[in-house]
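**Student:** Next comes start.txt, compact mmCIF, C-alpha atoms:
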```
# COMPACT_ATOMS: atom_id res chain seq x y z
CA MET F 22 119.28 118.62 122.21
CA VAL F 23 117.10 115.93 120.65
CA GLU F 24 118.67 112.48 120.52
CA TYR F 25 117.62 110.51 117.44
CA PRO F 26 117.47 106.70 117.77
CA THR F 27 119.84 104.63 115.62
CA VAL F 28 119.75 101.02 114.45
CA GLU F 29 121.96 99.99 117.39
CA ASP F 30 119.30 101.18 119.86
CA PHE F 31 116.88 98.41 118.85
CA GLY F 32 116.73 94.80 119.93
CA HIS F 33 117.29 95.45 123.64
CA ASP F 34 113.67 95.76 124.83
CA PRO F 35 112.19 93.15 127.22
CA TRP F 36 109.43 90.95 125.86
CA TRP F 37 106.62 92.80 127.65
CA ILE F 38 107.65 96.13 126.06
CA ILE F 39 107.56 94.43 122.63
CA VAL F 40 104.07 93.04 123.36
CA ILE F 41 102.84 96.49 124.42
CA LYS F 42 104.21 98.03 121.20
CA VAL F 43 102.66 95.34 118.97
CA VAL F 44 99.22 95.59 120.60
CA THR F 45 99.35 99.40 120.54
CA ILE F 46 100.24 99.52 116.82
CA PHE F 47 97.42 97.07 116.05
CA LEU F 48 94.84 99.06 118.01
CA VAL F 49 96.02 102.38 116.57
CA LEU F 50 95.71 101.09 112.99
CA VAL F 51 92.23 99.67 113.57
CA LEU F 52 90.99 102.87 115.26
CA LEU F 53 92.68 105.01 112.59
CA THR F 54 90.84 103.02 109.92
CA LEU F 55 87.48 103.64 111.62
CA PHE F 56 88.30 107.33 111.89
CA ASN F 57 89.49 107.60 108.26
CA ILE F 58 86.27 106.05 106.94
CA TRP F 59 84.20 108.53 108.95
CA TRP F 60 86.46 111.43 107.96
CA GLU F 61 86.30 110.52 104.27
CA ARG F 62 82.50 110.47 104.36
CA ARG F 63 82.32 113.81 106.16
CA VAL F 64 84.84 115.55 103.89
CA VAL F 65 83.31 114.26 100.65
CA ALA F 66 79.85 115.15 101.96
CA ARG F 67 81.02 118.71 102.62
CA MET F 68 82.58 118.90 99.15
CA GLN F 69 79.35 117.64 97.54
CA HIS F 70 77.00 119.67 99.78
CA ARG F 71 75.58 116.64 101.58
CA ILE F 72 75.11 115.91 105.27
CA GLY F 73 77.19 112.81 105.77
CA PRO F 74 77.01 110.47 108.79
CA ASN F 75 75.56 112.29 111.79
CA VAL F 76 73.27 109.83 113.60
CA ASN F 77 75.36 107.07 115.17
CA GLY F 78 77.25 108.69 118.03
CA PRO F 79 78.33 112.34 118.34
CA PHE F 80 78.87 113.78 114.83
CA GLY F 81 78.32 110.27 113.46
CA LEU F 82 81.66 109.05 114.86
CA LEU F 83 80.26 105.56 115.52
CA GLN F 84 79.04 105.13 111.92
CA SER F 85 82.19 103.19 110.92
CA LEU F 86 81.77 100.89 113.92
CA ALA F 87 78.13 100.31 112.96
CA ASP F 88 79.21 99.44 109.41
CA GLY F 89 81.75 96.96 110.76
CA VAL F 90 79.12 95.26 112.93
CA LYS F 91 76.74 95.15 109.97
CA LEU F 92 79.39 93.48 107.78
CA ALA F 93 80.15 90.93 110.49
CA LEU F 94 76.46 89.98 110.79
CA LYS F 95 75.87 89.64 107.05
CA GLU F 96 75.52 86.21 105.47
CA ASP F 97 78.86 84.71 104.43
CA ILE F 98 78.52 83.48 100.85
CA ILE F 99 81.06 81.39 98.94
CA PRO F 100 80.32 80.91 95.21
CA LYS F 101 80.07 77.31 93.97
CA ALA F 102 82.68 77.97 91.28
CA ALA F 103 85.20 79.37 93.78
CA ASP F 104 88.37 77.63 94.93
CA LYS F 105 87.33 77.57 98.58
CA ALA F 106 90.78 77.33 100.22
CA VAL F 107 92.33 80.16 98.18
CA PHE F 108 89.09 82.17 98.42
CA LEU F 109 89.39 82.13 102.24
CA ILE F 110 93.15 82.75 102.39
CA ALA F 111 93.21 85.72 99.97
CA PRO F 112 91.72 88.38 102.32
CA VAL F 113 94.07 87.32 105.12
CA LEU F 114 97.01 87.51 102.71
CA ALA F 115 95.99 91.06 101.82
CA VAL F 116 95.53 92.41 105.35
CA ILE F 117 98.49 90.89 107.25
CA PRO F 118 101.25 92.67 105.22
CA ALA F 119 99.38 95.94 105.77
CA PHE F 120 99.91 95.56 109.54
CA VAL F 121 103.49 94.23 109.30
CA THR F 122 104.79 97.23 107.35
CA PHE F 123 104.22 99.50 110.38
CA SER F 124 106.80 97.56 112.41
CA VAL F 125 109.65 99.76 111.09
CA ILE F 126 107.84 103.13 111.03
CA PRO F 127 109.28 105.57 113.63
CA PHE F 128 106.59 107.30 115.71
CA GLY F 129 108.93 109.32 117.92
CA PRO F 130 112.27 109.49 119.79
CA GLU F 131 113.27 107.53 122.86
CA VAL F 132 110.77 107.77 125.72
CA SER F 133 110.39 106.34 129.18
CA MET F 134 107.80 103.54 129.10
CA PHE F 135 107.06 102.13 132.56
CA GLY F 136 110.56 103.08 133.69
CA HIS F 137 112.28 101.58 130.65
CA GLU F 138 113.94 103.75 127.95
CA THR F 139 112.80 102.65 124.51
CA PRO F 140 112.30 104.24 121.06
CA LEU F 141 108.74 104.88 119.87
CA GLN F 142 109.26 102.31 117.13
CA LEU F 143 108.86 98.54 117.15
CA THR F 144 112.11 97.74 115.35
CA ASP F 145 114.54 99.04 112.73
CA MET F 146 117.07 97.56 110.34
CA PRO F 147 119.66 98.85 107.86
CA VAL F 148 117.29 98.11 104.94
CA ALA F 149 114.01 99.07 106.63
CA VAL F 150 112.59 100.95 103.60
CA LEU F 151 113.26 97.98 101.32
CA PHE F 152 111.54 95.80 103.93
CA VAL F 153 108.43 98.01 103.72
CA ILE F 154 108.37 97.84 99.91
CA ALA F 155 108.90 94.06 99.93
CA ILE F 156 106.17 93.36 102.49
CA ALA F 157 103.74 95.74 100.77
CA SER F 158 104.33 93.84 97.52
CA ILE F 159 103.07 90.64 99.14
CA GLY F 160 99.64 92.21 99.60
CA ILE F 161 99.09 92.13 95.83
CA TYR F 162 98.99 88.32 96.02
CA GLY F 163 95.87 88.54 98.18
CA ILE F 164 94.14 90.74 95.60
CA VAL F 165 95.17 88.61 92.59
CA LEU F 166 94.30 85.31 94.30
CA GLY F 167 90.99 86.75 95.53
CA GLY F 168 90.03 87.72 91.97
CA TRP F 169 91.19 84.41 90.50
CA SER F 170 89.65 82.12 93.14
CA SER F 171 86.20 83.73 92.90
CA GLY F 172 85.39 81.96 89.64
CA SER F 173 84.04 85.23 88.20
CA THR F 174 85.22 86.90 85.01
CA TYR F 175 84.83 90.38 86.49
CA SER F 176 86.79 89.45 89.61
CA LEU F 177 89.56 87.91 87.52
CA LEU F 178 89.84 91.03 85.36
CA GLY F 179 89.99 93.20 88.50
CA GLY F 180 92.78 91.06 89.96
CA LEU F 181 94.81 91.19 86.74
CA ARG F 182 94.35 94.94 86.50
CA SER F 183 95.52 95.37 90.07
CA SER F 184 98.65 93.27 89.52
CA ALA F 185 99.62 95.21 86.37
CA GLN F 186 98.90 98.52 88.10
CA MET F 187 100.91 97.77 91.22
CA ILE F 188 103.90 96.47 89.24
CA SER F 189 104.10 99.62 87.12
CA TYR F 190 103.63 102.07 89.98
CA GLU F 191 105.87 100.22 92.42
CA VAL F 192 108.72 100.68 89.94
CA ALA F 193 108.18 104.45 89.89
CA MET F 194 107.78 104.52 93.68
CA GLY F 195 111.00 102.60 94.25
CA LEU F 196 112.92 104.87 91.87
CA ALA F 197 111.58 107.94 93.67
CA LEU F 198 113.11 106.66 96.91
CA VAL F 199 116.59 106.21 95.44
CA ALA F 200 117.25 109.96 95.68
CA VAL F 201 116.34 109.84 99.39
CA PHE F 202 118.82 107.01 99.95
CA LEU F 203 121.55 108.95 98.14
CA TYR F 204 121.06 112.02 100.33
CA ALA F 205 120.48 110.23 103.63
CA GLY F 206 123.24 107.67 103.10
CA SER F 207 121.04 105.03 104.73
CA MET F 208 117.90 102.92 104.23
CA SER F 209 117.08 102.85 107.93
CA THR F 210 113.87 104.76 108.67
CA SER F 211 115.15 106.19 111.97
CA GLU F 212 118.39 107.40 110.36
CA ILE F 213 116.51 108.96 107.43
CA VAL F 214 114.45 110.96 109.94
CA GLU F 215 117.67 112.14 111.61
CA ALA F 216 119.13 113.14 108.22
CA GLN F 217 116.22 115.58 107.77
CA LYS F 218 116.80 117.55 110.97
CA ASP F 219 118.01 120.55 108.90
CA PHE F 220 115.92 120.31 105.71
CA TRP F 221 112.99 118.10 104.81
CA TYR F 222 113.54 116.13 101.62
CA ALA F 223 110.15 117.25 100.29
CA LEU F 224 111.78 120.65 99.67
CA ILE F 225 115.18 119.68 98.29
CA LEU F 226 113.96 116.57 96.39
CA VAL F 227 110.73 117.96 94.98
CA PRO F 228 110.55 115.70 91.87
CA SER F 229 111.01 112.57 94.01
CA PHE F 230 108.29 113.77 96.37
CA VAL F 231 105.84 114.45 93.52
CA ILE F 232 106.54 111.09 91.86
CA TYR F 233 106.11 109.26 95.17
CA ALA F 234 102.86 111.11 95.92
CA ILE F 235 101.41 110.11 92.53
CA SER F 236 102.67 106.53 92.81
CA MET F 237 101.27 106.00 96.29
CA VAL F 238 97.76 106.81 95.03
CA GLY F 239 98.15 104.29 92.21
CA GLU F 240 99.70 101.76 94.58
CA THR F 241 96.70 101.81 96.92
CA ASN F 242 94.05 101.53 94.15
CA ARG F 243 92.45 104.79 95.25
CA ALA F 244 90.43 107.18 93.09
CA PRO F 245 91.13 108.44 90.48
CA PHE F 246 93.35 105.36 90.03
CA ASP F 247 90.82 102.79 91.31
CA LEU F 248 90.73 100.89 88.01
CA PRO F 249 90.72 97.38 89.62
CA GLU F 250 87.40 98.29 91.33
CA ALA F 251 85.76 100.30 88.52
CA GLU F 252 82.06 99.60 89.11
CA GLY F 253 81.13 100.86 85.64
CA GLU F 254 83.33 98.20 84.03
CA LEU F 255 83.93 95.40 86.55
CA VAL F 256 80.85 95.51 88.85
CA GLY F 257 83.03 95.64 91.98
CA GLY F 258 86.41 94.42 90.81
CA PHE F 259 88.47 91.72 92.49
CA HIS F 260 86.17 91.53 95.57
CA THR F 261 82.86 91.29 93.68
CA GLU F 262 82.07 87.83 95.09
CA TYR F 263 83.15 88.57 98.67
CA SER F 264 80.81 89.33 101.55
CA SER F 265 80.71 89.60 105.33
CA LEU F 266 84.04 89.63 107.21
CA LYS F 267 86.10 88.59 104.17
CA PHE F 268 85.01 91.73 102.36
CA ALA F 269 85.70 93.72 105.54
CA LEU F 270 89.29 92.41 105.54
CA PHE F 271 89.86 93.72 101.99
CA PHE F 272 88.33 97.02 103.07
CA LEU F 273 90.58 97.12 106.13
CA ALA F 274 93.68 96.35 104.03
CA GLU F 275 92.94 99.24 101.67
CA TYR F 276 92.64 101.82 104.43
CA ILE F 277 95.68 100.53 106.34
CA ASN F 278 97.69 100.68 103.12
CA MET F 279 96.62 104.32 102.82
CA ALA F 280 98.04 104.92 106.28
CA THR F 281 101.20 102.94 105.42
CA VAL F 282 102.13 104.94 102.31
CA SER F 283 101.23 108.16 104.15
CA ALA F 284 103.45 107.21 107.10
CA LEU F 285 106.28 106.30 104.71
CA ALA F 286 105.90 109.64 102.90
CA THR F 287 105.99 111.40 106.27
CA THR F 288 109.13 109.51 107.31
CA LEU F 289 111.04 109.94 104.04
CA PHE F 290 110.01 113.43 102.93
CA LEU F 291 108.46 115.44 105.81
CA GLY F 292 110.95 114.85 108.58
CA GLY F 293 109.06 111.98 110.22
CA TRP F 294 108.03 112.72 113.80
CA ALA F 295 110.09 115.93 114.03
CA ALA F 296 108.19 119.13 114.78
CA PRO F 297 107.75 121.73 112.01
CA TRP F 298 110.17 124.63 111.71
CA GLY F 299 109.94 127.19 114.46
CA ILE F 300 108.16 124.86 116.85
CA GLU F 301 111.18 122.59 117.35
CA LYS F 302 113.20 125.44 118.88
CA ILE F 303 110.60 126.49 121.44
CA ASN F 304 111.78 125.95 125.02
CA ASP F 305 114.99 124.10 124.02
CA GLY F 306 113.19 121.61 121.77
CA MET F 307 110.55 120.57 124.30
CA PHE F 308 108.07 119.72 121.53
CA ASN F 309 110.55 117.28 119.95
CA GLU F 310 110.88 115.20 123.12
CA GLY F 311 108.73 112.69 124.96
CA TYR F 312 105.35 111.88 123.47
CA TRP F 313 104.86 115.26 121.71
CA PRO F 314 106.27 113.94 118.38
CA LEU F 315 103.27 111.59 118.13
CA LEU F 316 101.16 114.70 117.50
CA TRP F 317 103.37 115.87 114.62
CA PHE F 318 103.63 112.39 113.10
CA PHE F 319 99.90 111.70 112.99
CA GLY F 320 99.20 115.27 111.88
CA LYS F 321 101.41 114.74 108.82
CA VAL F 322 99.86 111.31 108.14
CA LEU F 323 96.34 112.76 108.28
CA PHE F 324 97.45 115.49 105.88
CA PHE F 325 98.31 112.86 103.26
CA ILE F 326 95.07 110.97 103.93
CA PHE F 327 93.18 114.22 103.39
CA ILE F 328 94.89 114.47 99.98
CA PHE F 329 93.58 110.95 99.21
CA ILE F 330 90.05 112.06 100.12
CA TRP F 331 90.36 115.33 98.23
CA LEU F 332 91.40 113.51 95.04
CA ARG F 333 88.50 111.08 95.36
CA GLY F 334 85.98 113.90 95.64
CA SER F 335 87.49 115.99 92.84
CA LEU F 336 88.84 113.94 89.94
CA PRO F 337 87.14 111.51 87.53
CA ARG F 338 88.51 108.01 87.02
CA LEU F 339 91.16 107.63 84.33
CA ARG F 340 90.88 105.30 81.37
CA TYR F 341 92.99 102.21 82.01
CA ASP F 342 95.33 102.58 79.01
CA GLN F 343 95.93 106.24 79.90
CA PHE F 344 96.74 105.28 83.46
CA MET F 345 99.25 102.57 82.50
CA ALA F 346 100.85 104.76 79.82
CA PHE F 347 101.29 107.54 82.38
CA GLY F 348 103.14 105.17 84.71
CA TRP F 349 105.45 103.56 82.13
CA LYS F 350 105.98 106.47 79.72
CA ARG F 351 106.04 109.41 82.13
CA LEU F 352 106.82 108.56 85.75
CA ILE F 353 109.51 105.92 85.19
CA PRO F 354 111.58 107.86 82.56
CA ILE F 355 111.36 111.04 84.64
CA SER F 356 112.47 109.08 87.73
CA LEU F 357 115.48 107.67 85.89
CA VAL F 358 116.57 111.09 84.61
CA TRP F 359 116.13 112.59 88.09
CA ILE F 360 118.19 109.83 89.74
CA VAL F 361 121.07 110.45 87.33
CA ALA F 362 120.90 114.19 88.08
CA VAL F 363 120.78 113.67 91.86
CA ALA F 364 123.64 111.15 91.79
CA THR F 365 125.76 113.55 89.73
CA ILE F 366 125.04 116.53 91.97
CA ARG F 367 125.61 114.46 95.11
CA SER F 368 128.92 113.14 93.83
CA ILE F 369 130.17 116.62 92.91
CA SER F 370 129.03 118.02 96.26
CA LEU F 371 130.86 115.35 98.23
CA GLU F 372 134.08 115.81 96.24
CA GLY F 373 133.93 119.61 96.52
CA GLY F 374 134.64 122.26 93.90
CA LEU F 375 130.97 122.71 92.95
CA ASN F 376 129.96 125.89 91.16
CA ARG F 377 126.54 126.75 92.57
CA GLN F 378 125.65 128.89 89.55
CA TYR F 379 125.90 125.91 87.22
CA LEU F 380 124.07 123.78 89.74
CA LEU F 381 121.10 126.17 89.88
CA ILE F 382 121.02 126.44 86.08
CA GLY F 383 120.97 122.66 85.78
CA ILE F 384 118.19 122.33 88.34
CA GLY F 385 116.16 124.97 86.48
CA VAL F 386 116.56 123.14 83.16
CA LEU F 387 115.56 119.85 84.78
CA ALA F 388 112.50 121.48 86.35
CA VAL F 389 111.40 122.88 82.98
CA LEU F 390 111.84 119.50 81.28
CA PHE F 391 110.03 117.83 84.17
CA LEU F 392 106.99 120.11 83.80
CA ALA F 393 107.05 119.89 80.00
CA LEU F 394 106.92 116.09 80.06
CA PHE F 395 103.94 116.24 82.40
CA PHE F 396 101.88 118.63 80.30
CA ILE F 397 102.82 117.58 76.75
CA GLY F 398 100.57 114.73 75.77
CA GLU F 399 100.90 112.16 73.05
CA GLN F 400 98.97 112.49 69.80
CA GLU F 401 96.44 109.74 69.57
CA GLU F 402 96.43 107.78 66.35
CA GLU F 403 93.41 108.36 64.16
CA PRO F 404 91.30 105.23 63.66
CA GLU F 405 91.40 103.64 60.25
CA PRO F 406 88.26 104.11 58.11
CA ALA F 407 85.84 101.24 58.33
CA SER F 408 85.96 98.78 55.44
CA ALA F 409 82.93 98.51 53.19
CA GLU F 410 83.36 94.74 52.85
CA PRO F 411 80.93 92.57 54.83
CA VAL F 412 82.32 91.07 58.02
CA ASP F 413 81.43 87.62 59.31
CA ALA F 414 80.45 88.18 62.94
CA HIS F 415 80.89 84.49 63.78
CA ALA F 416 84.39 84.13 62.27
CA GLY F 417 86.71 82.43 64.73
CA GLY F 418 83.82 81.26 66.90
CA PHE F 419 83.48 84.50 68.85
CA PRO F 420 79.86 84.65 70.12
CA VAL F 421 78.84 87.98 68.59
CA PRO F 422 75.33 88.12 67.08
CA PRO F 423 75.25 89.44 63.49
CA MET F 424 74.05 92.98 62.80
CA PRO F 425 70.71 93.48 61.01
CA ALA F 426 70.86 93.32 57.23
CA GLY F 427 70.30 97.06 56.80
CA GLY F 428 72.70 98.07 59.57
CA PRO F 429 71.83 99.35 63.06
CA VAL F 430 68.14 100.14 63.53
CA ARG F 431 67.08 103.31 65.34
CA GLY F 432 64.05 103.33 67.62
CA ALA F 433 62.30 100.46 69.33
CA ALA F 434 63.12 96.85 68.58
CA GLN F 435 60.92 94.89 66.20
CA PRO F 436 58.08 93.06 67.96
CA LEU F 437 58.56 89.35 68.50
CA SER F 438 56.31 86.96 66.57
CA PHE F 439 55.82 83.26 67.25
CA PRO F 440 54.49 80.62 64.85
CA ALA F 441 50.96 79.40 65.59
CA ARG F 442 50.84 75.96 67.20
CA SER F 443 47.88 73.65 67.31
CA THR F 444 46.75 72.06 70.57
CA VAL F 445 45.56 68.46 70.76
CA ALA F 446 42.80 67.69 73.23
CA ALA F 447 42.68 64.58 75.39
CA SER F 448 40.23 62.94 72.96
CA GLY F 449 42.75 63.29 70.11
CA GLU F 450 40.83 66.04 68.29
CA GLU F 451 42.75 69.13 67.10
CA ILE F 452 41.45 72.39 68.56
```
Here is a file; write its structure as structure tokens.
**Tutor:**
Amino acid sequence: MVEYPTVEDFGHDPWWIIVIKVVTIFLVLVLLTLFNIWWERRVVARMQHRIGPNVNGPFGLLQSLADGVKLALKEDIIPKAADKAVFLIAPVLAVIPAFVTFSVIPFGPEVSMFGHETPLQLTDMPVAVLFVIAIASIGIYGIVLGGWSSGSTYSLLGGLRSSAQMISYEVAMGLALVAVFLYAGSMSTSEIVEAQKDFWYALILVPSFVIYAISMVGETNRAPFDLPEAEGELVGGFHTEYSSLKFALFFLAEYINMATVSALATTLFLGGWAAPWGIEKINDGMFNEGYWPLLWFFGKVLFFIFIFIWLRGSLPRLRYDQFMAFGWKRLIPISLVWIVAVATIRSISLEGGLNRQYLLIGIGVLAVLFLALFFIGEQEEEPEPASAEPVDAHAGGFPVPPMPAGGPVRGAAQPLSFPARSTVAASGEEI
């Protein structure tokens, strides 16, 4: 019988076990980032019928390491218009929360580590999921301050876009997790994993799982939701002016955040480190004990990261107003309706006397409404016809050059002509 850790099992480790866990989590995240970059290049190359990295190391596995060394050796440039102190702090402020969030992610059950029984998790708390959301929200300050401190208009616009995007999609993400809290009866990550030992919440809370999966892509600024970094509009976005190791820190933060939201999705919806159905009963649950659960945990995390890569290689980037409207007008209202439905069903189930026939009918109606709201789009307003009255292009001081007198001109531009100027020789005679 598998014993699941509880909140009371934490806080008793000696200091050297804590140091080993911290260093191991740090190394795993750095190595996972190097692997994810290589994997993304290989998968997208296969999808686009290209070769991908295959020179540095076997199968190109050392390509990410070579890129990191190249970034470290590049010239470190700080723009003259930048606020130097904030410009240097911003990348650090973005990457540190990405590492801290993994402190409450459960990797496995209790194991024997150098003769000491300890859970495969750094720590846990009664509000661990809220801790993850709060710490992840701090990372947005690094992006906003990096865009603002660069002294560049494009960087500032990228930072503002990222802040608006993360606010809207964090609301939907937080609402999607409320249903998990209602069913698990806890916000502790280890206890939520234990609550899924019979059924994974991805199956019984499908709308919450779908909303979270969409929100986590928007939360991490990944394609097709990478509007803060849209090169066609903002050159490079909030990190346009960054180079060398400071740019590498932003890059590292993005990929660790991918792993963070994937690990959280695994913990809250796919049973965490528990083995898939059928496997967990082999040989009296042998594959749910010891270090075997690490295999299931990272397998599920890499599944979500593959979805990230698949979306990047398949879908075009959304228009910004469409993206924000989708978050505020679709995901958040649907989340609110779903929470009310889950709370009602949960309350009736706990009190007893539930008629399953009515429950199934209600779930079917909610599913139909859920799909209808996703596929029914809004009618765009038709633009008003242009006025025939002349418009002063310089009204209000906006620096827009006036149009030609006859309207836009097709073809090549008119040749430039310069007035003839006389030249005076040294003797004073005009030539």
**Student:** For range 276-280 of chain F, work out the shell of residues within 10 Å, counting all atoms listed in the file and skipping chain neighbours fewer than 5 positions away, then give it as a PyMOL selection string.
**Tutor:** chain F and resi 50-51+53-55+57-58+115-116+118-120+122-123+157+160+237-238+240-243+271+285-286+319+322-323+325-326+329
**Student:** Using all atoms listed in the file, which of F:Gly89, F:Gly32, F:Pro245, F:Gly239 sits nearest Val192 in chain F?
**Tutor:** F:Gly239
**Student:** Here is a test: counting all atoms listed in the file, which residue of F:Val107, F:Ile99, F:Ala274, F:Val201 is nearest to Trp221 in chain F?
**Tutor:**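 Distance minimum relative to Trp221 in chain F lands on F:Val201.
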**Student:** If you measure from CA of Ile126 in chain F to CA of Ser229 in chain F, what distance in Å do you get, rounded to one decimal?
**Tutor:**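 Here the two named atoms are 19.7 Å from each other.
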**Student:** Under the rule that only C-alpha atoms are counted, which of F:Asn77, F:Ser264, F:Thr210, F:Gln69 is the nearest residue to Phe108 in chain F?
**Tutor:**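 Residue with the minimum atom-to-atom distance to Phe108 in chain F: F:Ser264.
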**Student:** Pick out the residues sitting within 10 Å of Ser211 in chain F, and hand them over as a count of residues only; count all atoms listed in the file, and ignore anything fewer than 3 positions along from it in its own chain.
**Tutor:** 26
**Student:** To test the calculation: enclose all listed atoms of range 268-274 of chain F in a box whose edges run along x, y and z, add 8 Å on each side, then state centre and edge lengths in Å to one decimal, as AutoDock Vina command-line options.
**Tutor:**
```
--center_x 89.3 --center_y 94.4 --center_z 104.1 --size_x 24.7 --size_y 21.4 --size_z 20.1
```
**Student:** What gap, in Å, lies between CA of Gly180 in chain F and CA of Ile164 in chain F?
**Tutor:**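 Separation of CA of Gly180 in chain F and CA of Ile164 in chain F: 5.8 Å.
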**Student:** Need the shell around Gly179 in chain F: protein/DNA/RNA residues with any atom at most 8 Å away, counting only C-alpha atoms. Skip same-chain ones fewer than 3 positions apart. Format as a PyMOL selection string?
**Tutor:** chain F and resi 168+175-176+182-183+248-250+255+258-259
**Student:** Grab the residues selected above and save them as a PDB file, in the frame of the given file with C-alpha atoms.
**Tutor:**
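Listing of out-v3.pdb after writing:
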```pdb
ATOM      1  CA  GLY F 168      90.030  87.720  91.970  1.00  0.00           C
ATOM      2  CA  TYR F 175      84.830  90.380  86.490  1.00  0.00           C
ATOM      3  CA  SER F 176      86.790  89.450  89.610  1.00  0.00           C
ATOM      4  CA  ARG F 182      94.350  94.940  86.500  1.00  0.00           C
ATOM      5  CA  SER F 183      95.520  95.370  90.070  1.00  0.00           C
ATOM      6  CA  LEU F 248      90.730 100.890  88.010  1.00  0.00           C
ATOM      7  CA  PRO F 249      90.720  97.380  89.620  1.00  0.00           C
ATOM      8  CA  GLU F 250      87.400  98.290  91.330  1.00  0.00           C
ATOM      9  CA  LEU F 255      83.930  95.400  86.550  1.00  0.00           C
ATOM     10  CA  GLY F 258      86.410  94.420  90.810  1.00  0.00           C
ATOM     11  CA  PHE F 259      88.470  91.720  92.490  1.00  0.00           C
TER      12      PHE F 259
END
```
**Student:** Hey, can you check how far CA of Val227 in chain F sits from CA of Val199 in chain F?
**Tutor:**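 Separation of CA of Val227 in chain F and CA of Val199 in chain F: 13.1 Å.
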**Student:** Compare F:Ile300, F:Ile235, F:Ile72, F:Val132 by their minimum atom-to-atom distance to Trp317 in chain F, counting only C-alpha atoms, and give me the closest one.
**Tutor:** F:Ile300
**Student:** My structure is short of atoms at range 286-301 of chain F; please model N, CA and C atoms there, returning them as a PDB file, keeping the file's coordinate frame.
**Tutor:**
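As a result, out04.pdb now contains:
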```pdb
ATOM      1  N   ALA F 286     105.650 108.309 103.468  1.00  0.00           N
ATOM      2  CA  ALA F 286     105.900 109.640 102.900  1.00  0.00           C
ATOM      3  C   ALA F 286     106.297 110.632 103.989  1.00  0.00           C
ATOM      4  N   THR F 287     105.629 110.539 105.140  1.00  0.00           N
ATOM      5  CA  THR F 287     105.990 111.400 106.270  1.00  0.00           C
ATOM      6  C   THR F 287     107.410 111.142 106.738  1.00  0.00           C
ATOM      7  N   THR F 288     107.791 109.871 106.824  1.00  0.00           N
ATOM      8  CA  THR F 288     109.130 109.510 107.310  1.00  0.00           C
ATOM      9  C   THR F 288     110.221 109.921 106.330  1.00  0.00           C
ATOM     10  N   LEU F 289     109.979 109.737 105.028  1.00  0.00           N
ATOM     11  CA  LEU F 289     111.040 109.940 104.040  1.00  0.00           C
ATOM     12  C   LEU F 289     111.117 111.366 103.516  1.00  0.00           C
ATOM     13  N   PHE F 290     110.014 112.128 103.585  1.00  0.00           N
ATOM     14  CA  PHE F 290     110.010 113.430 102.930  1.00  0.00           C
ATOM     15  C   PHE F 290     109.635 114.594 103.858  1.00  0.00           C
ATOM     16  N   LEU F 291     108.920 114.347 104.946  1.00  0.00           N
ATOM     17  CA  LEU F 291     108.460 115.440 105.810  1.00  0.00           C
ATOM     18  C   LEU F 291     109.079 115.392 107.198  1.00  0.00           C
ATOM     19  N   GLY F 292     110.249 114.814 107.302  1.00  0.00           N
ATOM     20  CA  GLY F 292     110.950 114.850 108.580  1.00  0.00           C
ATOM     21  C   GLY F 292     110.458 113.885 109.621  1.00  0.00           C
ATOM     22  N   GLY F 293     109.549 112.960 109.259  1.00  0.00           N
ATOM     23  CA  GLY F 293     109.060 111.980 110.220  1.00  0.00           C
ATOM     24  C   GLY F 293     108.329 112.621 111.381  1.00  0.00           C
ATOM     25  N   TRP F 294     108.721 112.232 112.604  1.00  0.00           N
ATOM     26  CA  TRP F 294     108.030 112.720 113.800  1.00  0.00           C
ATOM     27  C   TRP F 294     108.529 114.080 114.265  1.00  0.00           C
ATOM     28  N   ALA F 295     109.522 114.649 113.583  1.00  0.00           N
ATOM     29  CA  ALA F 295     110.090 115.930 114.030  1.00  0.00           C
ATOM     30  C   ALA F 295     109.072 117.055 113.893  1.00  0.00           C
ATOM     31  N   ALA F 296     109.122 117.995 114.805  1.00  0.00           N
ATOM     32  CA  ALA F 296     108.190 119.130 114.780  1.00  0.00           C
ATOM     33  C   ALA F 296     108.500 120.053 113.607  1.00  0.00           C
ATOM     34  N   PRO F 297     107.504 120.775 113.098  1.00  0.00           N
ATOM     35  CA  PRO F 297     107.750 121.730 112.010  1.00  0.00           C
ATOM     36  C   PRO F 297     108.699 122.835 112.443  1.00  0.00           C
ATOM     37  N   TRP F 298     109.215 123.562 111.423  1.00  0.00           N
ATOM     38  CA  TRP F 298     110.170 124.630 111.710  1.00  0.00           C
ATOM     39  C   TRP F 298     109.572 125.682 112.629  1.00  0.00           C
ATOM     40  N   GLY F 299     110.383 126.175 113.507  1.00  0.00           N
ATOM     41  CA  GLY F 299     109.940 127.190 114.460  1.00  0.00           C
ATOM     42  C   GLY F 299     109.473 126.568 115.743  1.00  0.00           C
ATOM     43  N   ILE F 300     108.679 125.508 115.633  1.00  0.00           N
ATOM     44  CA  ILE F 300     108.160 124.860 116.850  1.00  0.00           C
ATOM     45  C   ILE F 300     109.258 124.063 117.541  1.00  0.00           C
ATOM     46  N   GLU F 301     110.171 123.472 116.743  1.00  0.00           N
ATOM     47  CA  GLU F 301     111.180 122.590 117.350  1.00  0.00           C
ATOM     48  C   GLU F 301     112.173 123.341 118.223  1.00  0.00           C
TER      49      GLU F 301
END
```
